[in-house]
Every structure is written in structure tokens, then in C-alpha cells.
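**Student:** Just dropping this structure here.
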Amino acid sequence: MTDTDTTAPTSAPATPPVTRSGVRQMMPSLSGKLLAGLILIGAIVLFAIVGPFVTQDPRSSGNDAMLPPQPGHWLGTTSLGYDVLAQLAEGARGSLVVGVTAGLVAIVLALLFGVVAGYLRGWTDEFLSLVTGIMLVIPGLPLMIVVASYLQVRSLWVVALILGVTAFAGPAVVLRSQARSLRVRDYVSAARVAGEKTPRIIGVEVLPNLLPLLASQFLFAIVLAILGEAGLSYLGLGPNGSITWGTMLNEAQGGGALTRGAWWWFVPPGLMIALFGTGLSLVNFAIDEIVNPKLRLAPAAAKSVREARKAGKDKLGRRAAQAPAAEKERVDA
């Protein structure tokens, strides 16, 4: 007599989800907003690199004044006969130099006042946090106006330095909280017990885990720097002897472009600032999906909900016809 097998048949093991590992896990997945942001940024950077070589001298005043857009002057001319397209290309270089330099300065200071303070703690943390707190409560734009007004010579690098120094406090607070969280992780504690020096622990164990957050804060600092430079230049406190999108707006305001209906003078630099800020923001949103797990898992969760609704199931995977019956049985019990 043969024994009957009473064990329930085992179901096939579920296929594990495909996940990215290593460096790819820290890279944003290709999405519509990431692709659009990269296209915008790439186009503006390419225009800043190639534009000055294919346009005329942006300081040449041999053209007729206040010409509307036409062949030969595709964006018209200013009240002094400057070609707007040539100034826009030269201004793109200046604005990008200011934005990237100020972003680098802000991130370096944020690493010092955020990551180092959050990891070392003690009196070092208290002192650096005090400086960060002071810079955080001081309004940024008034501080930049006061500092810039006392400087007689303001080059692109000086303006970028001012913008970077006044913009590091926000990223420093975010990085400090993340560094305090990473400090108590097992692998960091193991490296500390093994006798690793503090600079190596910060550079090898802590910073790699902060790369997505650093990239996000760097892009945000560039956006703030370009907007800050435009604000300073509009008030007449921008870089001396240099052309940026902000100085173009200042000259348009001083030349009465709005009252004279010369839209081609002030719309292009304002539009370029808006487009570049939009591109950086879109890339920043894609990076946020790595930093914030809720944003990273939201698309997959929304897709599963849509598929369940199409299949006639509720959130628990039950058929729509079975869900009311199950609810009624629970109430009766």
C-alpha cells in the first residue's frame, strides 16, 4: 500500500525584482524629466561654448540702434547698437561661470560645516553649527547687496565667491543631519574600531553615500547663484566689465526697453535664466528619487495600483466581486 503525499504543493518561487547595484544604484534612472532637463542644460551649455565664435563682437556699437529682430540681427539690437544675440551668447558664459563657481564654493563650505561637523561632533560640531546657524538666519540677498556695495572692483570670480559664501548654510544643515545618521552605521563604526583615520573614514565611508545628496544640493546652489547674480546685476551691483544675463537685464531696464516696447532686449536673457533653471530643477527632481525612497518607489506602486484596477482587483489583490463579500463576512463575525 503506497503512502499518499498529504503535503500541499509548493508554489514556484517568485522572481526577485531586478535591482541596480553599485554605482548604477546612485545614478538617476532615465525618465522624461531627466531627459528634458539634460537636453535643456546641454543646449544652453553648447550655446555658451559655440555662440561667441559664430556671433559678432558683443561690445561692437557699429550697428543701428533699437533694431527689431531681423536677418543679420536675429534678436535685434540695443539702444547702443549692441547685437542682442551676441550679448546673449557672451552672457551665457558669464552666468554659467558664476553659477558653477558659486555652486562649488557653496558645496565645499557645506562639506566643511556640514559633514565634518556632523561626524566629529563635540565642540567642533557646536562651533561649526553656530556659524552655520548665524549664516542661516541672515537674509541672503540683503547680505549680498551689503557686501557687493562695499567692493569697488567686482569681477565674475568675486561675485561668485560672494554668492557661494552666502549660500552654503542651507546645504550644510542637510548634510550635517545625514552625516550624523551615517556616523552610527555599522560599517563606519567598524572602520573607526579598526583604527582608520578620520579623514579616510569621511572620504571613503561617508562621502560616497552622500553623492546623490551632494549632486542635488550642488544643482540647487547653481540655480540660486544664477538668480542671485541676476538680482545683483539688476540692482547695478553685478560684475564690472563683464556681460551676464543679469547685466543685460540691468542695461535693458536702464535703457527703457519696457517703455519703448523693445521686448527683444529683455525677454531673451530672462527666458534663458528660466530655461536653465528649469533644466537644473528637472535633473534635481530625478536625483531626489534616489535620495528619497518614497519618491523612488512611488512610480512602481502607482503602476501596480493601475494594473490591479484594470484586472478588477482592490489594493489587497482581491477581486472586486469578492471584496464586498469578505467585508460582509467580517462584519457578521
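Numbering starts fresh at 1 for the residues of each chain in the C-alpha cells, the chains themselves are lettered A, B, ... in the order given, and ligands are numbered from 1 as they appear.
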Using DSSP on the backbone, list every residue of stretch 8-253 of chain A that comes out as alpha helix (DSSP H), and give them as a ChimeraX atom specification.

**Tutor:** /A:32-54,84-110,117-120,122-137,140-149,156-165,169-183,186-193,198-200,211-234,245-253

**Student:** Determine, counting only C-alpha atoms, which protein, DNA and RNA residues have an atom within 8 Å of an atom of stretch 64-77 of chain A; residues of the same chain fewer than 5 positions away are not included. Present the result as a list in words.

**Tutor:**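 Residues near the query, excluding close chain neighbours: Tyr82, Asp83, Val84, Leu85, Ala262, Trp264 and Trp265 of chain A.
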
**Student:** Do you know which residues are at most 7 Å from A:Ile222 counting only C-alpha atoms, after dropping those on the same chain fewer than 3 positions away, and could you put them as an MDAnalysis selection string?

**Tutor:** chainID A and resid 99:100 102:103 218:219 225:226

**Student:** List as a PyMOL selection string the protein and nucleic acid residues near A:Ala117, meaning an atom at most 9 Å away when only C-alpha atoms are counted, but skip any in the same chain fewer than 6 places from it.

**Tutor:** chain A and resi 111+124-129+176+179-180

**Student:** By how many Å are atom CA of A:Val105 and atom CA of A:Thr166 apart?

**Tutor:** 9.8 Å

**Student:** Hey, which of A:Ile134, A:Ala48, A:Val116, A:Ala36 ends up closest to A:Ile201? Count only C-alpha atoms.

**Tutor:** A:Val116

**Student:** Which residues, written as a compact mmCIF listing (two decimals) with N, CA and C atoms, in the first residue's frame, have at least one atom at most 10 Å from A:Gly228, with only C-alpha atoms counted and residues fewer than 6 positions away on the same chain left out?

**Tutor:**
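File written: out22.txt
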# COMPACT_ATOMS: atom_id res chain seq x y z
N VAL A 98 29.68 82.07 -13.18
CA VAL A 98 29.27 82.49 -11.85
C VAL A 98 28.50 81.39 -11.14
N GLY A 99 27.55 80.75 -11.84
CA GLY A 99 26.73 79.72 -11.20
C GLY A 99 27.53 78.51 -10.77
N GLY A 140 19.80 86.29 2.72
CA GLY A 140 20.87 86.16 1.74
C GLY A 140 21.03 87.36 0.84
N LEU A 141 19.94 87.81 0.21
CA LEU A 141 20.04 88.90 -0.76
C LEU A 141 20.48 90.21 -0.10
N MET A 144 24.20 89.94 0.45
CA MET A 144 24.95 90.07 -0.80
C MET A 144 25.00 91.52 -1.26
N ILE A 145 23.90 92.25 -1.09
CA ILE A 145 23.87 93.66 -1.50
C ILE A 145 24.85 94.48 -0.67
N VAL A 159 32.09 88.03 -7.50
CA VAL A 159 30.64 87.87 -7.34
C VAL A 159 30.29 86.42 -7.05
N ALA A 160 30.95 85.47 -7.74
CA ALA A 160 30.69 84.04 -7.48
C ALA A 160 31.09 83.68 -6.05
N ILE A 162 31.11 85.68 -3.42
CA ILE A 162 30.10 86.25 -2.52
C ILE A 162 28.84 85.38 -2.51
N LEU A 163 28.41 84.97 -3.68
CA LEU A 163 27.20 84.15 -3.77
C LEU A 163 27.40 82.79 -3.11
N ALA A 167 25.50 81.19 0.44
CA ALA A 167 24.51 80.16 0.09
C ALA A 167 24.85 78.79 0.65
N ILE A 222 23.60 76.11 -7.85
CA ILE A 222 23.82 76.78 -9.13
C ILE A 222 22.61 77.63 -9.51
N TYR A 234 20.85 93.36 -11.70
CA TYR A 234 19.69 94.21 -11.96
C TYR A 234 19.72 95.46 -11.09
N GLY A 238 26.36 94.01 -10.02
CA GLY A 238 26.91 92.81 -10.63
C GLY A 238 28.37 92.99 -10.99
N GLY A 246 22.25 88.80 -16.20
CA GLY A 246 21.80 89.82 -15.26
C GLY A 246 22.18 91.22 -15.70

**Student:** Leaving out stretch 204-214 of chain A and any residue of its chain fewer than 6 positions from it, which residues lie within 7 Å of it when counting only C-alpha atoms, given as JSON, numbers by chain?

**Tutor:** {"A": [26, 182, 188, 287, 290, 291]}

**Student:** Between atom CA of A:Leu96 and atom CA of A:Val45, measure the distance and give it in Å to one decimal.

**Tutor:** 8.0 Å

**Student:** Rounded to one decimal in Å, what is the spacing between atom CA of A:Ala86 and atom CA of A:Leu161?

**Tutor:** 26.4 Å

**Student:** Measuring between only C-alpha atoms, which one of A:Ala252, A:Val115, A:Leu40, A:Met135 shows the shortest distance to A:Thr78?

**Tutor:** A:Ala252

**Student:** Tell me which protein, DNA and RNA residues are within 9 Å of A:Ala286, counting only C-alpha atoms, leaving out same-chain ones fewer than 3 positions away, and put them as an MDAnalysis selection string.

**Tutor:** chainID A and resid 28:31 33:34 281:283 289:290

**Student:** Grab the residues selected above and save them as a short mmCIF file (atom, residue, chain, number, x, y, z; two decimals), in the first residue's frame with N, CA, C and O atoms.

**Tutor:**
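Contents of selection_17.cif, freshly written:
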data_model
loop_
_atom_site.label_atom_id
_atom_site.label_comp_id
_atom_site.auth_asym_id
_atom_site.auth_seq_id
_atom_site.Cartn_x
_atom_site.Cartn_y
_atom_site.Cartn_z
N PRO A 28 20.53 58.41 -11.32
CA PRO A 28 19.09 58.51 -11.56
C PRO A 28 18.67 57.72 -12.79
O PRO A 28 19.39 57.67 -13.79
N SER A 29 17.54 57.06 -12.68
CA SER A 29 17.02 56.30 -13.82
C SER A 29 16.52 57.26 -14.90
O SER A 29 16.04 58.35 -14.62
N LEU A 30 16.68 56.83 -16.14
CA LEU A 30 16.30 57.68 -17.27
C LEU A 30 14.78 57.83 -17.30
O LEU A 30 14.04 56.87 -17.43
N SER A 31 14.33 59.05 -17.14
CA SER A 31 12.91 59.35 -17.15
C SER A 31 12.68 60.56 -18.04
O SER A 31 13.62 61.17 -18.56
N LYS A 33 11.51 63.59 -17.24
CA LYS A 33 12.01 64.86 -16.70
C LYS A 33 13.53 64.92 -16.71
O LYS A 33 14.11 65.99 -16.94
N LEU A 34 14.19 63.78 -16.48
CA LEU A 34 15.65 63.78 -16.55
C LEU A 34 16.13 64.05 -17.97
O LEU A 34 17.06 64.84 -18.19
N SER A 281 16.37 72.12 -12.39
CA SER A 281 15.33 71.63 -11.46
C SER A 281 14.83 70.25 -11.88
O SER A 281 14.60 69.39 -11.02
N LEU A 282 14.66 70.02 -13.17
CA LEU A 282 14.21 68.71 -13.63
C LEU A 282 15.23 67.62 -13.31
O LEU A 282 14.88 66.52 -12.86
N VAL A 283 16.51 67.92 -13.52
CA VAL A 283 17.55 66.95 -13.15
C VAL A 283 17.57 66.75 -11.64
O VAL A 283 17.76 65.63 -11.15
N GLU A 289 14.70 61.32 -6.51
CA GLU A 289 14.12 59.98 -6.47
C GLU A 289 15.10 58.96 -5.87
O GLU A 289 14.69 57.91 -5.40
N ILE A 290 16.40 59.26 -5.92
CA ILE A 290 17.39 58.40 -5.29
C ILE A 290 17.51 58.73 -3.81
O ILE A 290 17.57 57.85 -2.96
#

**Student:** Under the rule that only C-alpha atoms are counted, which of A:Val54, A:Ile202, A:Ile138, A:Ala257 is the nearest residue to A:Leu120?

**Tutor:**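 So, comparing all the options, the nearest one is A:Ile202.
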